[in-house]
Every structure is written in C-alpha cells, then in structure tokens.
>>> print(open('protein.cif').read())   # mmCIF, C-alpha atoms
data_protein
#
loop_
_atom_site.label_atom_id
_atom_site.label_comp_id
_atom_site.auth_asym_id
_atom_site.auth_seq_id
_atom_site.Cartn_x
_atom_site.Cartn_y
_atom_site.Cartn_z
CA MET E 1131 0.00 0.00 0.00
CA SER E 1132 1.13 3.50 -0.71
CA LYS E 1133 1.09 5.88 2.26
CA GLU E 1134 1.53 8.71 -0.25
CA TYR E 1135 -2.23 8.69 -0.90
CA GLU E 1136 -3.40 8.29 2.70
CA GLY E 1137 -4.20 12.00 3.13
CA LEU E 1138 -6.19 12.13 -0.09
CA ALA E 1139 -8.07 8.97 0.89
CA ARG E 1140 -8.96 10.40 4.32
CA GLU E 1141 -10.22 13.65 2.77
CA ILE E 1142 -12.35 11.82 0.21
CA LEU E 1143 -13.77 9.53 2.88
CA ASN E 1144 -14.68 12.51 5.08
CA LYS E 1145 -16.33 14.34 2.19
CA VAL E 1146 -18.53 11.36 1.24
CA GLY E 1147 -19.95 11.36 4.77
CA GLY E 1148 -17.46 9.18 6.64
CA LYS E 1149 -17.04 5.43 6.72
CA GLU E 1150 -20.47 5.01 8.34
CA ASN E 1151 -22.08 6.42 5.18
CA VAL E 1152 -20.22 4.03 2.85
CA LEU E 1153 -22.14 0.84 2.09
CA ASP E 1154 -19.74 -0.33 -0.58
CA VAL E 1155 -16.68 1.02 -2.38
CA TYR E 1156 -14.90 -0.29 -5.46
CA HIS E 1157 -12.96 1.17 -8.38
CA CYS E 1158 -12.46 0.95 -12.12
CA GLN E 1159 -9.53 2.27 -14.20
CA THR E 1160 -9.92 5.92 -13.15
CA ARG E 1161 -12.81 6.21 -10.67
CA LEU E 1162 -13.67 5.39 -7.10
CA ARG E 1163 -17.27 4.20 -6.95
CA PHE E 1164 -19.18 4.53 -3.70
CA ARG E 1165 -22.60 3.16 -2.82
CA LEU E 1166 -23.70 5.49 -0.03
CA ALA E 1167 -26.34 5.10 2.65
CA GLU E 1168 -27.31 8.79 2.27
CA GLU E 1169 -26.13 10.72 -0.79
CA GLY E 1170 -27.18 13.96 0.92
CA LYS E 1171 -24.32 13.62 3.42
CA ALA E 1172 -21.73 13.74 0.64
CA ASP E 1173 -20.11 17.10 -0.11
CA GLN E 1174 -20.02 16.99 -3.92
CA ALA E 1175 -18.82 20.61 -4.30
CA GLY E 1176 -16.07 20.03 -1.73
CA LEU E 1177 -14.88 16.92 -3.55
CA ASP E 1178 -14.93 18.72 -6.92
CA SER E 1179 -12.64 21.44 -5.57
CA MET E 1180 -10.10 19.05 -4.00
CA ASP E 1181 -6.59 18.63 -5.39
CA GLY E 1182 -6.28 15.09 -6.73
CA VAL E 1183 -9.97 14.81 -7.71
CA ALA E 1184 -10.78 15.52 -11.36
CA GLU E 1185 -14.58 15.26 -11.20
CA VAL E 1186 -17.51 13.90 -9.21
CA LEU E 1187 -20.45 12.15 -10.89
CA ILE E 1188 -23.60 10.47 -9.65
CA SER E 1189 -24.96 7.80 -11.95
CA GLY E 1190 -27.33 4.92 -11.28
CA GLY E 1191 -27.17 5.34 -7.52
CA VAL E 1192 -23.37 5.19 -7.57
CA PHE E 1193 -21.33 8.15 -6.33
CA GLN E 1194 -18.27 8.29 -8.62
CA VAL E 1195 -15.09 10.20 -7.79
CA VAL E 1196 -12.76 10.52 -10.81
CA ILE E 1197 -9.18 10.27 -9.56
CA GLY E 1198 -7.05 9.19 -12.53
CA THR E 1199 -4.78 6.27 -13.22
CA HIS E 1200 -3.45 6.14 -9.64
CA VAL E 1201 -6.94 5.24 -8.35
CA LYS E 1202 -5.70 1.80 -7.27
CA TYR E 1203 -3.48 3.29 -4.57
CA VAL E 1204 -6.15 5.68 -3.30
CA PHE E 1205 -8.63 2.77 -3.21
CA GLU E 1206 -6.22 0.64 -1.15
CA GLU E 1207 -6.06 3.37 1.49
CA ILE E 1208 -9.83 3.95 1.48
CA ASP E 1209 -10.47 0.22 1.71
CA ARG E 1210 -8.12 0.03 4.68
CA LEU E 1211 -9.85 2.98 6.37
CA VAL E 1212 -13.39 1.71 5.74
CA GLY E 1213 -12.55 -1.84 6.77
CA PRO E 1214 -14.54 -4.94 5.91
CA LYS E 1215 -18.29 -4.53 5.63
CA LYS E 1216 -20.52 -7.38 6.70
CA ALA E 1217 -23.57 -8.23 4.59
CA GLU E 1218 -25.95 -7.18 7.37
CA GLU E 1219 -24.08 -3.85 7.78
CA SER E 1220 -24.30 -2.92 4.12
CA GLY E 1221 -27.87 -4.05 3.72
CA GLY E 1222 -26.92 -7.35 2.08
CA GLY E 1223 -26.45 -7.24 -1.66
CA ASN E 1224 -28.47 -4.49 -3.31
CA GLN E 1225 -31.21 -4.30 -0.70
CA GLY E 1226 -29.89 -1.04 0.77
CA GLY E 1227 -29.44 0.65 -2.60
CA PRO E 1228 -31.85 1.89 -5.22
CA LYS E 1229 -33.72 -0.55 -7.44
CA ARG E 1230 -31.96 -1.10 -10.75
CA ASN E 1231 -33.72 -1.91 -13.96
CA PRO E 1232 -32.73 -5.05 -15.91
CA ALA E 1233 -30.99 -3.03 -18.64
CA GLU E 1234 -28.62 -1.47 -16.06
CA VAL E 1235 -27.83 -4.89 -14.63
CA VAL E 1236 -27.01 -6.30 -18.10
CA ILE E 1237 -24.87 -3.29 -19.06
CA ASP E 1238 -23.05 -3.47 -15.73
CA PHE E 1239 -22.37 -7.18 -16.25
CA VAL E 1240 -21.09 -6.73 -19.83
CA SER E 1241 -18.86 -3.77 -18.94
CA GLY E 1242 -17.50 -5.62 -15.91
CA THR E 1243 -16.75 -8.65 -18.06
CA PHE E 1244 -14.81 -6.78 -20.74
CA GLN E 1245 -13.08 -4.21 -18.54
CA PRO E 1246 -10.14 -6.45 -17.56
CA ILE E 1247 -9.24 -7.25 -21.20
CA ILE E 1248 -9.25 -3.64 -22.48
CA PRO E 1249 -5.52 -3.11 -21.77
CA ALA E 1250 -4.66 -6.33 -23.63
CA LEU E 1251 -6.77 -5.29 -26.62
CA SER E 1252 -5.13 -1.85 -26.64
CA GLY E 1253 -1.67 -3.38 -26.50
CA ALA E 1254 -2.49 -5.81 -29.31
CA GLY E 1255 -3.75 -2.91 -31.41
CA MET E 1256 -0.51 -0.99 -30.87
CA VAL E 1257 1.57 -4.03 -31.84
CA LYS E 1258 -0.55 -4.48 -34.98
CA ALA E 1259 -0.08 -0.81 -35.87
CA LEU E 1260 3.71 -1.10 -35.45
CA LEU E 1261 3.80 -4.22 -37.60
CA ALA E 1262 1.76 -2.45 -40.29
CA LEU E 1263 4.37 0.33 -40.40
#
>>> encode(input="protein.cif", output="structure tokens")
Amino acid sequence: MSKEYEGLAREILNKVGGKENVLDVYHCQTRLRFRLAEEGKADQAGLDSMDGVAEVLISGGVFQVVIGTHVKYVFEEIDRLVGPKKAEESGGGNQGGPKRNPAEVVIDFVSGTFQPIIPALSGAGMVKALLAL
C-alpha cells in the first residue's frame, strides 16, 4: 500500500460522509465508486474542488469520484480505512441501494466482463499498428 495517498483517501472519505455512510466502495480504471447510505451527506462541491480529484459524478445510484490512473493506490487506502463490511451492515447485496432496472444490470455485467481485457486489446492494437508500419 502507498502511504503517499493516505491523506487524499482520508479527505475523500470525510467528504462522502465518513465510513459510516459508505455501504460499498470499489474502483475501475480511473474512478472510485461509492454506494452510499445517504447521498445527501456527501459534499459533492467540496470533492470537486479538491486537489487530486478531477470530477464527481452520480450515476445509477453510484457516487463516482474521478481520480485518474493512480486510483488503485487511493482505493487501497480507502479500503483500509473503511474496513470490511458485513452483509448485514451494508444491507446485504443491493437491498440497501436503489432498485436497478434489468438493462442497467445487463450493461453493468457486460462492462464488468470486458473491462479487464481492455488493456490487452489496446496493446495488441498498438503491436498491430507497429507491424503495419
């Protein structure tokens, strides 16, 4: 874990309402994604103005904080600060969150399936371009 991002992680966690407000947290290539108990507790304007945060979005009941390519290190610190969440604490599955329509579930599944192979496809494309030259 990188202690370099501990301060940023603490600030983000405080601005989303503290660890008690976080039901679930995960990340993608550039964003921290929070499922919050109460979105009203989150300080979206405060997060937007922070150094190290590019943008804040709310989509499909997920509070997204765009960090950049170093999101993995920030996530490690936030995950350490939040600690493990038990199923009964977080409402078990999606019970505590908003209802999602079937189309969102399918899109989420497809994007989650292909996300890990995007770097490999990009690399293969670059190799193919070099070979074409």
>>> axis_aligned_box(input="protein.cif", around="stretch 1188-1198 of chain E", padding_each_side="4 Å", output="lines of an AutoDock Vina configuration file")
center_x = -17.2
center_y = 7.7
center_z = -9.4
size_x = 28.3
size_y = 13.6
size_z = 14.2
>>> atom_distance(input="protein.cif", atom1="atom CA of E:Asp1173", atom2="atom CA of E:Glu1141")
10.9 Å
>>> resolve_selection(input="protein.cif", expression="the PyMOL selection byres ((chain E and resi 1177-1192) around 8)", output="number ranges by chain")
E: 1138, 1142, 1145, 1163-1166, 1173-1176, 1193-1198, 1227-1228, 1230
>>> write_last_selection(input="protein.cif", atoms="C-alpha atoms", output="short mmCIF file (atom, residue, chain, number, x, y, z; two decimals), in the frame of the given file")
data_model
loop_
_atom_site.label_atom_id
_atom_site.label_comp_id
_atom_site.auth_asym_id
_atom_site.auth_seq_id
_atom_site.Cartn_x
_atom_site.Cartn_y
_atom_site.Cartn_z
CA LEU E 1138 -6.19 12.13 -0.09
CA ILE E 1142 -12.35 11.82 0.21
CA LYS E 1145 -16.33 14.34 2.19
CA ARG E 1163 -17.27 4.20 -6.95
CA PHE E 1164 -19.18 4.53 -3.70
CA ARG E 1165 -22.60 3.16 -2.82
CA LEU E 1166 -23.70 5.49 -0.03
CA ASP E 1173 -20.11 17.10 -0.11
CA GLN E 1174 -20.02 16.99 -3.92
CA ALA E 1175 -18.82 20.61 -4.30
CA GLY E 1176 -16.07 20.03 -1.73
CA PHE E 1193 -21.33 8.15 -6.33
CA GLN E 1194 -18.27 8.29 -8.62
CA VAL E 1195 -15.09 10.20 -7.79
CA VAL E 1196 -12.76 10.52 -10.81
CA ILE E 1197 -9.18 10.27 -9.56
CA GLY E 1198 -7.05 9.19 -12.53
CA GLY E 1227 -29.44 0.65 -2.60
CA PRO E 1228 -31.85 1.89 -5.22
CA ARG E 1230 -31.96 -1.10 -10.75
#
>>> atom_distance(input="protein.cif", atom1="atom CA of E:Lys1149", atom2="atom CA of E:Ala1167")
10.2 Å
>>> resolve_selection(input="protein.cif", expression="the PyMOL selection byres ((chain E and resi 1137) around 12)", output="ChimeraX atom specification")
/E:1132-1136,1138-1144,1180-1182,1203-1204,1207-1208,1211
>>> atom_distance(input="protein.cif", atom1="atom CA of E:Gly1253", atom2="atom CA of E:Val1236")
26.9 Å
>>> resolve_selection(input="protein.cif", expression="the PyMOL selection byres ((chain E and resi 1159) around 9)", output="MDAnalysis selection string")
chainID E and resid 1157:1158 1160:1162 1198:1202 1245
>>> build_atoms(input="protein.cif", residues="stretch 1132-1167 of chain E", atoms="N, CA and C atoms", output="PDB file, in the coordinates of the input")
ATOM      1  N   SER E1132       0.371   2.275  -0.607  1.00  0.00           N
ATOM      2  CA  SER E1132       1.130   3.500  -0.710  1.00  0.00           C
ATOM      3  C   SER E1132       0.620   4.525   0.297  1.00  0.00           C
ATOM      4  N   LYS E1133       1.462   4.884   1.242  1.00  0.00           N
ATOM      5  CA  LYS E1133       1.090   5.880   2.260  1.00  0.00           C
ATOM      6  C   LYS E1133       1.015   7.277   1.650  1.00  0.00           C
ATOM      7  N   GLU E1134       1.544   7.427   0.437  1.00  0.00           N
ATOM      8  CA  GLU E1134       1.530   8.710  -0.250  1.00  0.00           C
ATOM      9  C   GLU E1134       0.099   9.227  -0.473  1.00  0.00           C
ATOM     10  N   TYR E1135      -0.847   8.326  -0.610  1.00  0.00           N
ATOM     11  CA  TYR E1135      -2.230   8.690  -0.900  1.00  0.00           C
ATOM     12  C   TYR E1135      -3.142   8.633   0.325  1.00  0.00           C
ATOM     13  N   GLU E1136      -2.588   8.416   1.498  1.00  0.00           N
ATOM     14  CA  GLU E1136      -3.400   8.290   2.700  1.00  0.00           C
ATOM     15  C   GLU E1136      -4.171   9.572   3.006  1.00  0.00           C
ATOM     16  N   GLY E1137      -3.536  10.726   2.870  1.00  0.00           N
ATOM     17  CA  GLY E1137      -4.200  12.000   3.130  1.00  0.00           C
ATOM     18  C   GLY E1137      -5.365  12.241   2.184  1.00  0.00           C
ATOM     19  N   LEU E1138      -5.134  11.972   0.904  1.00  0.00           N
ATOM     20  CA  LEU E1138      -6.190  12.130  -0.090  1.00  0.00           C
ATOM     21  C   LEU E1138      -7.349  11.182   0.208  1.00  0.00           C
ATOM     22  N   ALA E1139      -7.031   9.959   0.570  1.00  0.00           N
ATOM     23  CA  ALA E1139      -8.070   8.970   0.890  1.00  0.00           C
ATOM     24  C   ALA E1139      -8.891   9.405   2.095  1.00  0.00           C
ATOM     25  N   ARG E1140      -8.238   9.920   3.120  1.00  0.00           N
ATOM     26  CA  ARG E1140      -8.960  10.400   4.320  1.00  0.00           C
ATOM     27  C   ARG E1140      -9.893  11.560   3.978  1.00  0.00           C
ATOM     28  N   GLU E1141      -9.389  12.503   3.159  1.00  0.00           N
ATOM     29  CA  GLU E1141     -10.220  13.650   2.770  1.00  0.00           C
ATOM     30  C   GLU E1141     -11.441  13.211   1.982  1.00  0.00           C
ATOM     31  N   ILE E1142     -11.233  12.316   1.028  1.00  0.00           N
ATOM     32  CA  ILE E1142     -12.350  11.820   0.210  1.00  0.00           C
ATOM     33  C   ILE E1142     -13.364  11.121   1.097  1.00  0.00           C
ATOM     34  N   LEU E1143     -12.881  10.272   1.989  1.00  0.00           N
ATOM     35  CA  LEU E1143     -13.770   9.530   2.880  1.00  0.00           C
ATOM     36  C   LEU E1143     -14.585  10.484   3.759  1.00  0.00           C
ATOM     37  N   ASN E1144     -13.957  11.531   4.270  1.00  0.00           N
ATOM     38  CA  ASN E1144     -14.680  12.510   5.080  1.00  0.00           C
ATOM     39  C   ASN E1144     -15.736  13.239   4.263  1.00  0.00           C
ATOM     40  N   LYS E1145     -15.410  13.571   3.016  1.00  0.00           N
ATOM     41  CA  LYS E1145     -16.330  14.340   2.190  1.00  0.00           C
ATOM     42  C   LYS E1145     -17.495  13.504   1.642  1.00  0.00           C
ATOM     43  N   VAL E1146     -17.383  12.187   1.649  1.00  0.00           N
ATOM     44  CA  VAL E1146     -18.530  11.360   1.240  1.00  0.00           C
ATOM     45  C   VAL E1146     -19.407  11.011   2.439  1.00  0.00           C
ATOM     46  N   GLY E1147     -19.104  11.566   3.596  1.00  0.00           N
ATOM     47  CA  GLY E1147     -19.950  11.360   4.770  1.00  0.00           C
ATOM     48  C   GLY E1147     -19.364  10.429   5.809  1.00  0.00           C
ATOM     49  N   GLY E1148     -18.099  10.062   5.667  1.00  0.00           N
ATOM     50  CA  GLY E1148     -17.460   9.180   6.640  1.00  0.00           C
ATOM     51  C   GLY E1148     -17.693   7.712   6.321  1.00  0.00           C
ATOM     52  N   LYS E1149     -16.955   6.858   7.017  1.00  0.00           N
ATOM     53  CA  LYS E1149     -17.040   5.430   6.720  1.00  0.00           C
ATOM     54  C   LYS E1149     -18.401   4.839   7.079  1.00  0.00           C
ATOM     55  N   GLU E1150     -19.130   5.495   7.988  1.00  0.00           N
ATOM     56  CA  GLU E1150     -20.470   5.010   8.340  1.00  0.00           C
ATOM     57  C   GLU E1150     -21.453   5.183   7.191  1.00  0.00           C
ATOM     58  N   ASN E1151     -21.191   6.142   6.306  1.00  0.00           N
ATOM     59  CA  ASN E1151     -22.080   6.420   5.180  1.00  0.00           C
ATOM     60  C   ASN E1151     -21.764   5.547   3.970  1.00  0.00           C
ATOM     61  N   VAL E1152     -20.646   4.841   3.993  1.00  0.00           N
ATOM     62  CA  VAL E1152     -20.220   4.030   2.850  1.00  0.00           C
ATOM     63  C   VAL E1152     -20.747   2.603   3.012  1.00  0.00           C
ATOM     64  N   LEU E1153     -21.651   2.220   2.098  1.00  0.00           N
ATOM     65  CA  LEU E1153     -22.140   0.840   2.090  1.00  0.00           C
ATOM     66  C   LEU E1153     -21.188  -0.071   1.341  1.00  0.00           C
ATOM     67  N   ASP E1154     -20.634   0.459   0.256  1.00  0.00           N
ATOM     68  CA  ASP E1154     -19.740  -0.330  -0.580  1.00  0.00           C
ATOM     69  C   ASP E1154     -18.833   0.621  -1.332  1.00  0.00           C
ATOM     70  N   VAL E1155     -17.607   0.227  -1.581  1.00  0.00           N
ATOM     71  CA  VAL E1155     -16.680   1.020  -2.380  1.00  0.00           C
ATOM     72  C   VAL E1155     -15.875   0.074  -3.257  1.00  0.00           C
ATOM     73  N   TYR E1156     -15.704   0.470  -4.512  1.00  0.00           N
ATOM     74  CA  TYR E1156     -14.900  -0.290  -5.460  1.00  0.00           C
ATOM     75  C   TYR E1156     -14.341   0.711  -6.465  1.00  0.00           C
ATOM     76  N   HIS E1157     -13.547   0.236  -7.412  1.00  0.00           N
ATOM     77  CA  HIS E1157     -12.960   1.170  -8.380  1.00  0.00           C
ATOM     78  C   HIS E1157     -12.868   0.539  -9.746  1.00  0.00           C
ATOM     79  N   CYS E1158     -12.737   1.403 -10.764  1.00  0.00           N
ATOM     80  CA  CYS E1158     -12.460   0.950 -12.120  1.00  0.00           C
ATOM     81  C   CYS E1158     -11.093   1.524 -12.502  1.00  0.00           C
ATOM     82  N   GLN E1159     -10.850   1.789 -13.770  1.00  0.00           N
ATOM     83  CA  GLN E1159      -9.530   2.270 -14.200  1.00  0.00           C
ATOM     84  C   GLN E1159      -9.193   3.662 -13.673  1.00  0.00           C
ATOM     85  N   THR E1160     -10.211   4.542 -13.536  1.00  0.00           N
ATOM     86  CA  THR E1160      -9.920   5.920 -13.150  1.00  0.00           C
ATOM     87  C   THR E1160     -10.827   6.455 -12.040  1.00  0.00           C
ATOM     88  N   ARG E1161     -11.810   5.678 -11.598  1.00  0.00           N
ATOM     89  CA  ARG E1161     -12.810   6.210 -10.670  1.00  0.00           C
ATOM     90  C   ARG E1161     -12.978   5.353  -9.427  1.00  0.00           C
ATOM     91  N   LEU E1162     -13.212   6.040  -8.325  1.00  0.00           N
ATOM     92  CA  LEU E1162     -13.670   5.390  -7.100  1.00  0.00           C
ATOM     93  C   LEU E1162     -15.188   5.392  -7.178  1.00  0.00           C
ATOM     94  N   ARG E1163     -15.819   4.299  -6.881  1.00  0.00           N
ATOM     95  CA  ARG E1163     -17.270   4.200  -6.950  1.00  0.00           C
ATOM     96  C   ARG E1163     -17.801   3.837  -5.569  1.00  0.00           C
ATOM     97  N   PHE E1164     -18.611   4.719  -5.036  1.00  0.00           N
ATOM     98  CA  PHE E1164     -19.180   4.530  -3.700  1.00  0.00           C
ATOM     99  C   PHE E1164     -20.670   4.271  -3.811  1.00  0.00           C
ATOM    100  N   ARG E1165     -21.159   3.325  -3.039  1.00  0.00           N
ATOM    101  CA  ARG E1165     -22.600   3.160  -2.820  1.00  0.00           C
ATOM    102  C   ARG E1165     -22.814   3.688  -1.410  1.00  0.00           C
ATOM    103  N   LEU E1166     -23.554   4.802  -1.298  1.00  0.00           N
ATOM    104  CA  LEU E1166     -23.700   5.490  -0.030  1.00  0.00           C
ATOM    105  C   LEU E1166     -25.050   5.232   0.601  1.00  0.00           C
ATOM    106  N   ALA E1167     -25.078   5.253   1.920  1.00  0.00           N
ATOM    107  CA  ALA E1167     -26.340   5.100   2.650  1.00  0.00           C
ATOM    108  C   ALA E1167     -27.206   6.338   2.418  1.00  0.00           C
TER     109      ALA E1167
END
